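What follows is structure_10.txt (compact mmCIF, C-alpha atoms).
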# COMPACT_ATOMS: atom_id res chain seq x y z
CA MET N 1 4.28 -43.40 5.99
CA SER N 2 7.14 -45.53 7.20
CA LEU N 3 10.21 -44.06 8.74
CA TYR N 4 12.59 -44.58 5.90
CA SER N 5 10.28 -43.62 3.08
CA PHE N 6 10.18 -40.09 4.36
CA LEU N 7 13.82 -39.42 4.80
CA SER N 8 16.19 -37.55 2.54
CA HIS N 9 15.83 -36.97 -1.15
CA GLY N 10 15.16 -40.30 -2.81
CA LEU N 11 16.13 -43.60 -1.31
CA ARG N 12 16.93 -46.79 -3.08
CA LEU N 13 14.66 -48.82 -0.85
CA ALA N 14 12.04 -46.20 -0.23
CA SER N 15 8.46 -46.90 -1.03
CA SER N 16 6.72 -44.20 -2.98
CA VAL N 17 5.45 -41.39 -0.85
CA GLN N 18 3.19 -38.49 -1.46
CA THR N 19 4.67 -35.22 -0.49
CA CYS N 20 2.75 -34.14 2.51
CA LEU N 21 1.16 -30.80 1.80
CA SER N 22 -2.24 -30.83 3.37
CA PRO N 23 -4.41 -27.90 2.30
CA ASN N 24 -5.38 -27.00 5.85
CA LYS N 25 -1.93 -26.30 7.20
CA MET N 26 -1.61 -27.20 10.84
CA VAL N 27 1.26 -25.94 12.87
CA LEU N 28 2.21 -27.91 15.92
CA ILE N 29 2.82 -25.84 18.97
CA LYS N 30 6.07 -26.65 20.71
CA GLY N 31 5.51 -29.26 23.37
CA SER N 32 2.07 -30.38 22.26
CA LEU N 33 1.49 -33.89 21.00
CA PRO N 34 -0.12 -34.80 17.71
CA LEU N 35 -3.53 -36.40 18.11
CA LYS N 36 -5.11 -38.99 15.89
CA SER N 37 -8.65 -37.67 15.66
CA PRO N 38 -9.12 -34.73 17.97
CA SER N 39 -12.39 -32.98 18.42
CA LEU N 40 -12.53 -29.42 17.21
CA ALA N 41 -12.35 -27.95 20.70
CA ILE N 42 -9.26 -29.94 21.65
CA LEU N 43 -7.78 -29.18 18.29
CA ASN N 44 -8.23 -25.49 18.87
CA ARG N 45 -6.57 -25.75 22.22
CA LEU N 46 -3.61 -27.89 21.23
CA PHE N 47 -2.96 -26.76 17.71
CA GLN N 48 -2.40 -23.38 16.29
CA THR N 49 -3.75 -23.24 12.79
CA SER N 50 -2.16 -20.66 10.60
CA CYS N 51 -4.72 -18.16 9.44
CA SER N 52 -6.54 -18.88 6.24
CA ARG N 53 -4.48 -16.75 3.91
CA TYR N 54 -3.45 -18.68 0.88
CA GLY N 55 -1.45 -18.14 -2.20
CA LEU N 56 0.94 -15.31 -2.67
CA MET N 57 -0.12 -13.48 0.49
CA GLU N 58 1.83 -16.14 2.38
CA PHE N 59 4.93 -14.26 1.30
CA PHE N 60 3.91 -11.50 3.72
CA ASP N 61 3.62 -11.28 7.46
CA ASP N 62 0.44 -10.83 9.46
CA GLU N 63 -1.13 -7.50 8.66
CA LYS N 64 -0.75 -6.38 12.28
CA ASN N 65 3.04 -6.62 11.94
CA TRP N 66 3.26 -4.40 8.88
CA GLY N 67 5.36 -1.38 9.75
CA ALA N 68 5.92 -2.55 13.34
CA ASP N 69 9.16 -1.45 14.99
CA GLU N 70 9.64 -4.75 16.74
CA VAL N 71 8.12 -8.20 16.26
CA ARG N 72 8.46 -10.42 19.29
CA VAL N 73 8.90 -14.12 18.60
CA GLY N 74 9.98 -17.24 20.49
CA ARG N 75 13.20 -19.17 20.21
CA ALA N 76 14.38 -21.59 17.55
CA TRP N 77 13.55 -25.31 17.60
CA LYS N 78 16.22 -27.38 19.29
CA ALA N 79 17.45 -30.68 17.89
CA GLU N 80 16.43 -32.47 21.11
CA GLU N 81 12.85 -31.29 20.71
CA LEU N 82 12.76 -32.25 17.06
CA ARG N 83 14.04 -35.76 17.84
CA LEU N 84 10.76 -36.37 19.72
CA LYS N 85 8.65 -35.56 16.67
CA SER N 86 7.38 -37.99 14.10
CA ASN N 87 8.55 -37.83 10.51
CA GLN N 88 5.21 -36.42 9.37
CA ASP N 89 5.47 -33.62 11.89
CA LEU N 90 9.02 -32.84 10.82
CA HIS N 91 7.95 -32.82 7.20
CA LYS N 92 5.14 -30.38 7.90
CA LEU N 93 7.35 -28.25 10.10
CA TRP N 94 9.95 -28.02 7.32
CA TYR N 95 7.41 -26.40 4.99
CA VAL N 96 6.23 -24.07 7.73
CA LEU N 97 9.82 -22.98 8.29
CA LEU N 98 10.48 -22.69 4.56
CA LYS N 99 7.48 -20.40 4.10
CA GLU N 100 8.44 -18.41 7.16
CA ARG N 101 11.95 -17.88 5.79
CA ASN N 102 10.59 -16.79 2.42
CA MET N 103 8.28 -14.37 4.18
CA LEU N 104 11.13 -12.92 6.24
CA LEU N 105 13.45 -12.62 3.24
CA THR N 106 10.69 -10.87 1.28
CA THR N 107 10.06 -8.44 4.11
CA GLU N 108 13.77 -7.84 4.67
CA HIS N 109 14.29 -7.09 0.98
CA TYR N 110 11.34 -4.72 0.98
CA TYR N 111 12.54 -2.80 4.03
CA GLU N 112 16.25 -2.63 3.25
CA LYS N 113 16.33 -2.36 -0.54
CA MET N 114 13.04 -0.61 -1.34
CA GLU N 115 12.38 1.62 1.66
CA LYS N 116 15.98 1.98 2.91
CA GLU N 117 14.73 1.32 6.42
CA LEU N 118 15.86 -1.03 9.15
CA PHE N 119 14.23 -4.45 9.03
CA PRO N 120 12.49 -5.01 12.41
CA SER N 121 13.76 -7.95 14.49
CA PRO N 122 16.24 -9.38 11.98
CA GLU N 123 17.13 -12.19 14.40
CA ARG N 124 13.97 -13.96 13.21
CA ILE N 125 15.81 -15.09 10.08
CA ASP N 126 18.63 -16.59 12.12
CA LYS N 127 16.15 -18.41 14.33
CA VAL N 128 14.33 -19.92 11.37
CA GLU N 129 17.60 -20.97 9.75
CA GLU N 130 18.85 -22.54 12.96
CA SER N 131 15.59 -24.48 13.23
CA MET N 132 15.98 -25.68 9.65
CA LYS N 133 19.56 -26.70 10.30
CA ASN N 134 18.53 -28.69 13.39
CA LEU N 135 15.66 -30.32 11.55
CA GLU N 136 17.93 -31.39 8.73
CA GLN N 137 20.40 -32.78 11.24
CA VAL N 138 17.69 -34.89 12.88
CA VAL N 139 16.47 -36.20 9.52
CA LYS N 140 20.04 -37.10 8.53
CA GLU N 141 20.52 -38.98 11.80
CA ARG N 142 17.39 -41.05 11.21
CA ASN N 143 18.35 -41.66 7.61
CA LYS N 144 21.79 -42.85 8.58
CA ALA N 145 20.39 -45.14 11.28
CA TYR N 146 18.00 -46.68 8.75
CA TRP N 147 20.73 -47.29 6.17
CA GLN N 148 23.07 -48.80 8.70
CA LEU N 149 20.34 -51.15 9.88
CA GLU N 150 19.02 -52.17 6.50
CA VAL N 151 21.96 -51.94 4.12
CA SER N 152 25.37 -51.90 5.72
CA SER N 153 27.28 -50.21 8.49
CA ALA N 154 29.34 -48.31 5.93
CA GLU N 155 26.37 -46.80 4.13
CA ASP N 156 24.61 -43.63 5.18
CA GLY N 157 22.39 -43.07 2.16
CA CYS N 158 24.40 -40.10 0.95
CA ARG N 159 26.27 -39.85 -2.29
CA PRO N 160 29.77 -41.30 -1.89
CA VAL N 161 32.51 -38.67 -2.00
CA ARG N 162 36.28 -38.86 -2.08
CA ARG N 163 38.49 -36.32 -0.38
CA GLU N 164 41.14 -35.20 -2.86
CA ARG N 165 42.93 -32.20 -4.30
CA ASN N 166 41.19 -30.12 -6.94
CA GLN N 167 42.88 -28.12 -9.70
CA PHE N 168 43.95 -25.49 -7.17
CA GLY N 169 45.53 -28.08 -4.91
CA VAL N 170 42.91 -27.55 -2.22
CA MET N 171 41.35 -30.54 -0.49
CA VAL N 172 37.67 -30.93 -1.43
CA ASP N 173 35.04 -33.66 -1.41
CA ARG N 174 34.55 -34.88 -4.96
CA PRO N 175 31.21 -36.65 -5.55
CA LEU N 176 31.87 -40.00 -7.18
CA THR N 177 30.10 -41.25 -10.28
CA GLU N 178 29.69 -44.76 -11.60
CA HIS N 179 31.71 -46.02 -14.56
CA VAL N 180 31.01 -48.95 -16.82
CA GLU N 181 34.65 -49.96 -16.63
CA PRO N 182 37.28 -48.91 -14.11
CA GLU N 183 39.01 -45.60 -14.72
CA THR N 184 42.50 -46.05 -16.15
CA ASP N 185 45.09 -43.72 -17.64
CA SER N 186 43.85 -44.48 -21.17
CA ASN N 187 40.13 -43.78 -20.66
CA ARG N 188 40.51 -41.03 -18.09
CA VAL N 189 38.48 -37.89 -18.85
CA ARG N 190 39.73 -35.78 -16.01
CA PRO N 191 43.49 -35.53 -15.37
CA ALA N 192 44.77 -37.75 -12.58
CA ARG N 193 46.67 -34.88 -10.95
CA PRO N 194 44.91 -31.68 -12.04
CA TYR N 195 46.94 -29.70 -9.52
CA ALA N 196 50.34 -30.58 -11.02
CA SER N 197 51.60 -27.24 -12.25
CA PRO N 198 54.24 -24.74 -11.07
CA ASP N 199 51.60 -22.03 -10.66
CA VAL N 200 49.56 -24.18 -8.34
CA ALA N 201 52.70 -25.07 -6.39
CA ASN N 202 53.49 -21.39 -5.95
CA PHE N 203 49.91 -20.64 -4.95
CA LEU N 204 49.96 -23.45 -2.39
CA LYS N 205 53.25 -22.23 -0.97
CA LEU N 206 51.78 -18.78 -0.40
CA LYS N 207 48.55 -20.24 0.95
CA HIS N 208 50.36 -22.45 3.44
CA GLU N 209 52.48 -19.52 4.53
CA GLN N 210 49.37 -17.47 5.12
CA GLU N 211 47.74 -20.26 7.09
CA LYS N 212 50.87 -20.83 9.18
CA THR N 213 51.13 -17.13 9.98
CA GLU N 214 47.52 -17.10 11.04
CA ARG N 215 48.02 -20.18 13.24
CA ASN N 216 51.04 -18.59 14.89
CA ARG N 217 49.15 -15.38 15.51
CA GLU N 218 46.29 -17.31 17.05
CA ALA N 219 48.68 -19.19 19.35
CA ARG N 220 50.33 -15.93 20.40
CA ARG N 221 46.91 -14.42 21.04
CA ARG N 222 45.98 -17.30 23.36
CA HIS N 223 49.33 -17.07 25.15
CA ARG N 224 48.85 -13.34 25.68
CA HIS N 225 45.34 -13.93 26.95
CA VAL N 226 46.55 -16.37 29.62
CA VAL N 227 49.38 -13.98 30.58
CA GLY N 228 46.79 -11.23 31.00
CA LEU N 229 44.67 -13.50 33.18
CA LEU N 230 47.63 -14.30 35.42
CA ARG N 231 48.61 -10.66 35.68
CA ARG N 232 45.16 -9.66 36.85
CA PHE N 233 44.53 -12.74 38.99
CA PRO N 234 47.93 -13.94 40.24
CA ASP N 235 46.40 -16.64 42.46
CA LEU N 236 44.70 -18.52 39.63
CA ASP N 237 44.95 -22.29 39.71
CA LEU N 238 47.52 -23.27 37.08
CA ASP N 239 46.08 -26.75 36.66
CA MET N 240 42.72 -25.26 35.87
CA LEU N 241 44.37 -23.00 33.30
CA ARG N 242 46.23 -25.96 31.81
CA GLU N 243 42.96 -27.79 31.46
CA GLN N 244 41.15 -24.85 29.95
CA TYR N 245 43.94 -23.83 27.57
CA PRO N 246 45.67 -27.09 26.66
CA ASP N 247 47.60 -25.54 23.73
CA VAL N 248 49.24 -22.89 25.88
CA ASP N 249 52.65 -23.70 27.34
CA MET N 250 52.27 -22.82 31.04
CA ASP N 251 55.99 -22.84 31.77
CA ARG N 252 56.52 -20.24 29.08
CA VAL N 253 53.61 -18.25 30.46
CA ARG N 254 55.15 -18.27 33.95
CA ARG N 255 58.45 -17.07 32.60
CA ASP N 256 56.76 -14.23 30.67
CA LYS N 257 57.78 -10.93 32.18
CA ARG N 258 54.39 -9.40 31.46
CA ILE N 259 52.74 -11.33 34.29
CA ARG N 260 55.01 -9.62 36.84
CA GLY N 261 54.17 -6.17 38.04
CA ASN N 262 56.98 -3.75 38.81
CA HIS N 263 57.44 -5.29 42.23
CA GLU N 264 60.49 -7.18 43.40
CA ASP N 265 58.50 -9.88 45.22
CA ARG N 266 56.63 -10.86 42.07
CA LEU N 267 59.88 -11.98 40.42
CA SER N 268 59.79 -15.32 42.19
CA ILE N 269 56.46 -16.64 40.90
CA MET P 1 14.85 -28.87 -5.87
CA SER P 2 17.66 -28.77 -3.41
CA THR P 3 21.21 -27.46 -3.15
CA ARG P 4 22.33 -30.68 -1.48
CA LEU P 5 24.24 -33.37 -3.32
CA TYR P 6 21.77 -35.74 -4.97
CA PRO P 7 22.25 -39.45 -4.33
CA LEU P 8 23.45 -41.58 -7.22
CA TYR P 9 20.56 -42.77 -9.38
CA GLN P 10 20.76 -46.40 -10.34
CA ARG P 11 18.58 -47.82 -13.06
CA GLY P 12 15.45 -49.50 -11.80
CA ASN P 13 15.28 -47.44 -8.66
CA PRO P 14 12.26 -45.29 -7.86
CA GLN P 15 12.37 -41.73 -9.09
CA LEU P 16 14.50 -39.42 -6.97
CA ARG P 17 12.30 -37.22 -4.83
CA ILE P 18 13.03 -34.17 -2.79
CA PHE P 19 11.28 -34.20 0.54
CA LEU P 20 12.96 -31.20 2.08
CA PRO P 21 13.54 -28.55 -0.59
CA ASN P 22 15.77 -25.78 0.65
CA PHE P 23 15.45 -23.16 -2.09
CA TRP P 24 14.32 -19.67 -1.17
CA MET P 25 12.16 -17.20 -3.08
CA LYS P 26 11.60 -13.53 -2.39
CA LEU P 27 8.58 -11.73 -3.72
CA LEU P 28 9.71 -8.32 -4.99
CA LYS P 29 7.87 -5.08 -5.35
CA PRO P 30 8.14 -4.30 -9.07
CA THR P 31 10.08 -1.14 -9.82
CA HIS P 32 8.42 -0.80 -13.25
CA PRO P 33 4.74 -1.18 -14.08
CA ILE P 34 3.91 -4.81 -14.90
CA PRO P 35 0.63 -6.53 -15.81
CA SER P 36 -1.74 -7.21 -12.93
CA ASN P 37 -1.37 -10.97 -13.28
CA ALA P 38 2.45 -10.92 -13.27
CA VAL P 39 4.64 -11.34 -10.20
CA GLN P 40 8.33 -10.70 -9.83
CA PHE P 41 10.55 -12.91 -7.64
CA MET P 42 14.17 -13.14 -6.69
CA VAL P 43 15.06 -16.81 -6.39
CA SER P 44 17.89 -19.13 -5.38
CA PRO P 45 20.49 -19.02 -8.17
CA GLU P 46 20.26 -22.79 -8.62
CA MET P 47 16.56 -22.73 -9.50
CA THR P 48 15.23 -23.41 -12.98
CA LYS P 49 11.91 -22.41 -14.53
CA HIS P 50 10.48 -25.81 -13.70
CA ASP P 51 11.63 -25.50 -10.11
CA VAL P 52 9.94 -22.11 -9.76
CA LYS P 53 6.71 -23.44 -11.25
CA GLN P 54 6.64 -26.53 -9.05
CA TYR P 55 7.64 -24.56 -5.96
CA LEU P 56 4.73 -22.16 -6.35
CA GLU P 57 2.19 -24.75 -7.42
CA LYS P 58 3.00 -27.43 -4.85
CA ILE P 59 4.08 -25.45 -1.81
CA TYR P 60 2.02 -22.29 -2.18
CA ASN P 61 -0.98 -23.62 -4.18
CA VAL P 62 -0.59 -20.84 -6.73
CA PRO P 63 -1.41 -21.73 -10.33
CA VAL P 64 1.33 -20.68 -12.73
CA VAL P 65 0.99 -20.18 -16.47
CA GLU P 66 4.49 -19.21 -17.43
CA VAL P 67 7.85 -18.54 -15.83
CA ASN P 68 10.63 -16.42 -17.31
CA ILE P 69 14.06 -16.34 -15.73
CA ALA P 70 16.58 -13.52 -15.86
CA ASN P 71 20.12 -13.72 -14.54
CA LYS P 72 21.73 -10.51 -13.43
CA MET P 73 25.47 -10.37 -12.98
CA GLY P 74 26.75 -8.88 -9.74
CA LYS P 75 28.53 -5.55 -10.02
CA LEU P 76 32.30 -5.25 -9.97
CA ARG P 77 33.26 -2.63 -7.47
CA ARG P 78 36.27 -1.36 -5.60
CA THR P 79 36.41 -1.68 -1.82
CA ASP P 80 37.75 0.93 0.58
CA LYS P 81 41.15 -0.75 0.51
CA GLY P 82 41.27 -0.71 -3.29
CA TYR P 83 40.52 -4.37 -3.94
CA ILE P 84 38.21 -5.14 -6.83
CA VAL P 85 35.39 -7.43 -5.69
CA LYS P 86 32.35 -8.83 -7.43
CA ASP P 87 28.92 -8.91 -5.85
CA ASP P 88 26.83 -12.07 -5.98
CA ASP P 89 24.91 -12.86 -9.14
CA LEU P 90 21.15 -12.62 -8.81
CA LYS P 91 18.42 -14.63 -10.43
CA TYR P 92 14.97 -13.16 -11.06
CA ALA P 93 11.84 -15.05 -12.00
CA PHE P 94 8.92 -13.33 -13.72
CA VAL P 95 5.85 -15.43 -13.12
CA THR P 96 2.61 -15.12 -15.07
CA LEU P 97 -0.56 -16.10 -13.25
CA PRO P 98 -3.77 -17.13 -15.02
CA LYS P 99 -5.72 -14.31 -16.71
CA ASP P 100 -8.41 -14.10 -14.04
CA MET P 101 -5.95 -13.77 -11.17
CA THR P 102 -4.49 -10.48 -10.07
CA PHE P 103 -1.80 -9.68 -7.58
CA GLU P 104 -0.81 -6.33 -6.18
CA PHE P 105 2.14 -5.89 -3.83
CA PRO P 106 0.64 -4.82 -0.48
CA ASN P 107 1.62 -1.59 1.18
CA LEU P 108 3.77 -2.94 4.01
CA MET P 109 4.59 0.49 5.41
CA SER P 110 1.83 3.05 5.69
CA GLU P 111 2.51 6.75 5.09
CA GLU P 112 2.01 7.60 8.78
CA LYS P 113 4.56 4.98 9.75
CA LYS P 114 7.07 6.34 7.25
CA GLN P 115 6.47 9.85 8.57
CA GLU P 116 6.95 8.63 12.14
CA ARG P 117 10.22 6.97 11.27
CA SER P 118 11.56 10.01 9.45
CA ASP P 119 10.56 12.21 12.41
CA GLN P 120 12.51 9.92 14.72
CA MET P 121 15.54 10.14 12.47
CA LYS P 122 15.26 13.94 12.38
CA GLU P 123 15.12 14.05 16.16
CA ILE P 124 18.25 11.88 16.40
CA GLU P 125 20.04 14.18 13.94
CA ARG P 126 18.99 17.23 15.95
CA VAL P 127 20.34 15.76 19.20
CA LYS P 128 23.58 14.85 17.45
CA ASP P 129 23.93 18.40 16.11
CA THR P 130 23.30 19.90 19.54
CA TYR P 131 25.89 17.65 21.12
CA LYS P 132 28.43 18.52 18.42
CA LYS P 133 27.78 22.25 18.88
CA ASP P 134 28.31 21.94 22.63
CA GLN P 135 31.54 20.03 22.04
CA ASP P 136 32.77 22.65 19.58
CA ARG P 137 31.96 25.54 21.89
CA PHE P 138 34.41 24.31 24.53
CA LYS P 139 36.94 22.80 22.16
CA ASP P 140 39.64 25.21 23.30
CA ARG P 141 38.80 24.87 27.00
CA PRO P 142 38.58 21.15 27.77
CA GLY P 143 37.04 20.21 31.08
CA VAL P 144 34.89 23.31 31.38
CA PRO P 145 31.24 22.47 32.12
CA THR P 146 28.67 23.39 29.47
CA TRP P 147 26.76 25.76 31.79
CA PHE P 148 29.84 27.94 32.11
CA ASN P 149 29.80 31.11 30.02
Take the structure from the file and write it as structure tokens.
Amino acid sequence: MSLYSFLSHGLRLASSVQTCLSPNKMVLIKGSLPLKSPSLAILNRLFQTSCSRYGLMEFFDDEKNWGADEVRVGRAWKAEELRLKSNQDLHKLWYVLLKERNMLLTTEHYYEKMEKELFPSPERIDKVEESMKNLEQVVKERNKAYWQLEVSSAEDGCRPVRRERNQFGVMVDRPLTEHVEPETDSNRVRPARPYASPDVANFLKLKHEQEKTERNREARRRHRHVVGLLRRFPDLDLDMLREQYPDVDMDRVRRDKRIRGNHEDRLSI
Amino acid sequence: MSTRLYPLYQRGNPQLRIFLPNFWMKLLKPTHPIPSNAVQFMVSPEMTKHDVKQYLEKIYNVPVVEVNIANKMGKLRRTDKGYIVKDDDLKYAFVTLPKDMTFEFPNLMSEEKKQERSDQMKEIERVKDTYKKDQDRFKDRPGVPTWFN
């Protein structure tokens, strides 16, 4: 399977590919390398084969974990580790992760909705989802690299989108479609300015006010934080603070009366 | 088979294929008695019957005879602050397996385990009660140690 044929859902230049779902599912252990034709002994050492449960029982965990208070697992896959893997390995790993997530969601639903009990080790779901996110990121990187090499530097193989206002006046990415003839005012299906209405204007006014208030509050929070730091640690390096909190105005912070204690000598900071 | 944006299909191109499907499916324990060859799922709200069938057949190697889909609207409820909010809509899939196949939802929590958990909860409640009683006894005399009579 070539690099590009694997990537993403459907490529213009991709050769046809079988979806890779081998019946004997092999899970690569982290850090081990895939071998071309390993003997059974080596295979057993380097690979961990998932146990031979098939079908719907894959929606459930190992029987030894049923009813356990805690299930100990490793960490999520990092993007750096996944970048070292071949496309076939990533493809297999995706299905392993997908099945694992389904299993965890099934178990979580059973515990929390059916039994009204706490689901043991819920962080497992986050770990699987983080791994899936990283894997998708790596695949997208490879896909983009392929398209830029083979097609053009502007292409990344994704559907073209345009950033514009929707009917609520909010900026969104609108997926573009192809037209036989260019869109004009006469043949336009969708209004050119769907957000042009007094209600939307009012809504946007309120929304912007809300956002501005939140921004101001955030800025004040940061200012107060730095003031608190200086009150507790008066000898802090101001340049370091400036570097760490670039948005905070240090002159204003130094003038703030909250950084002074009730001592006369602190007035001259 | 994916919630991502599909690329534009142009005529003459190979068929669009999904290599990394990201739909989820939960296998549910049926609340009502159902036939032994029927299975109940909760699925991603974007999934269709065909998606469910292909998902089970291709990823899980489970033969599927028929899929029925039911959408359930999320409840409207009032929050503590008085706002009316709507819960997420849910999609259920009722899958029929071939006649000769049976599936029974396994017992994930044995009776002993349930008993153990309820005992633990009872113990926690008992400790809480004791603590509250001690607090109440010296409510009028703060700072007095509990051994003082």
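Counting from atom CA of P:Leu20, the distance to atom CA of N:Tyr110 is 26.6 Å.
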As a list in words, could you give me every residue of chain P near chain N (at most 8 Å apart, counting only C-alpha atoms)?
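Listed by rising number, the hits are Leu5, Tyr6, Pro7, Leu8, Asn13, Pro14, Gln15, Leu16, Arg17, Ile18, Phe19, Leu20, Asn22, Trp24, Met25, Lys26, Leu27, Leu28, Lys29, Lys58, Ile59, Tyr60, Asn61, Val62, Phe103, Leu108, Met109, Ser110 and Lys113 of chain P.
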Would you compute an axis-aligned box for stretch 81-95 of chain P, covering every atom listed for it in the file with 3 Å of margin on each side, and report centre and edge lengths in Å to one decimal as lines of an AutoDock Vina configuration file?
center_x = 23.6
center_y = -8.1
center_z = -6.6
size_x = 41.4
size_y = 20.7
size_z = 20.2
Have a look at N:Tyr195, N:Glu211, N:Asp239, N:Arg260 and name the one nearest to N:Val227; count only C-alpha atoms.
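Checking each candidate against N:Val227, we get N:Arg260 as the closest.
The gap separating atom CA of N:Gly261 from atom CA of N:Ala219 is 23.4 Å, in Å to one decimal.
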Measure the distance from atom CA of P:Val52 to atom CA of P:Lys86 in Å and round it to one decimal.
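Interatomic distance, atom CA of P:Val52 to atom CA of P:Lys86: 26.2 Å.
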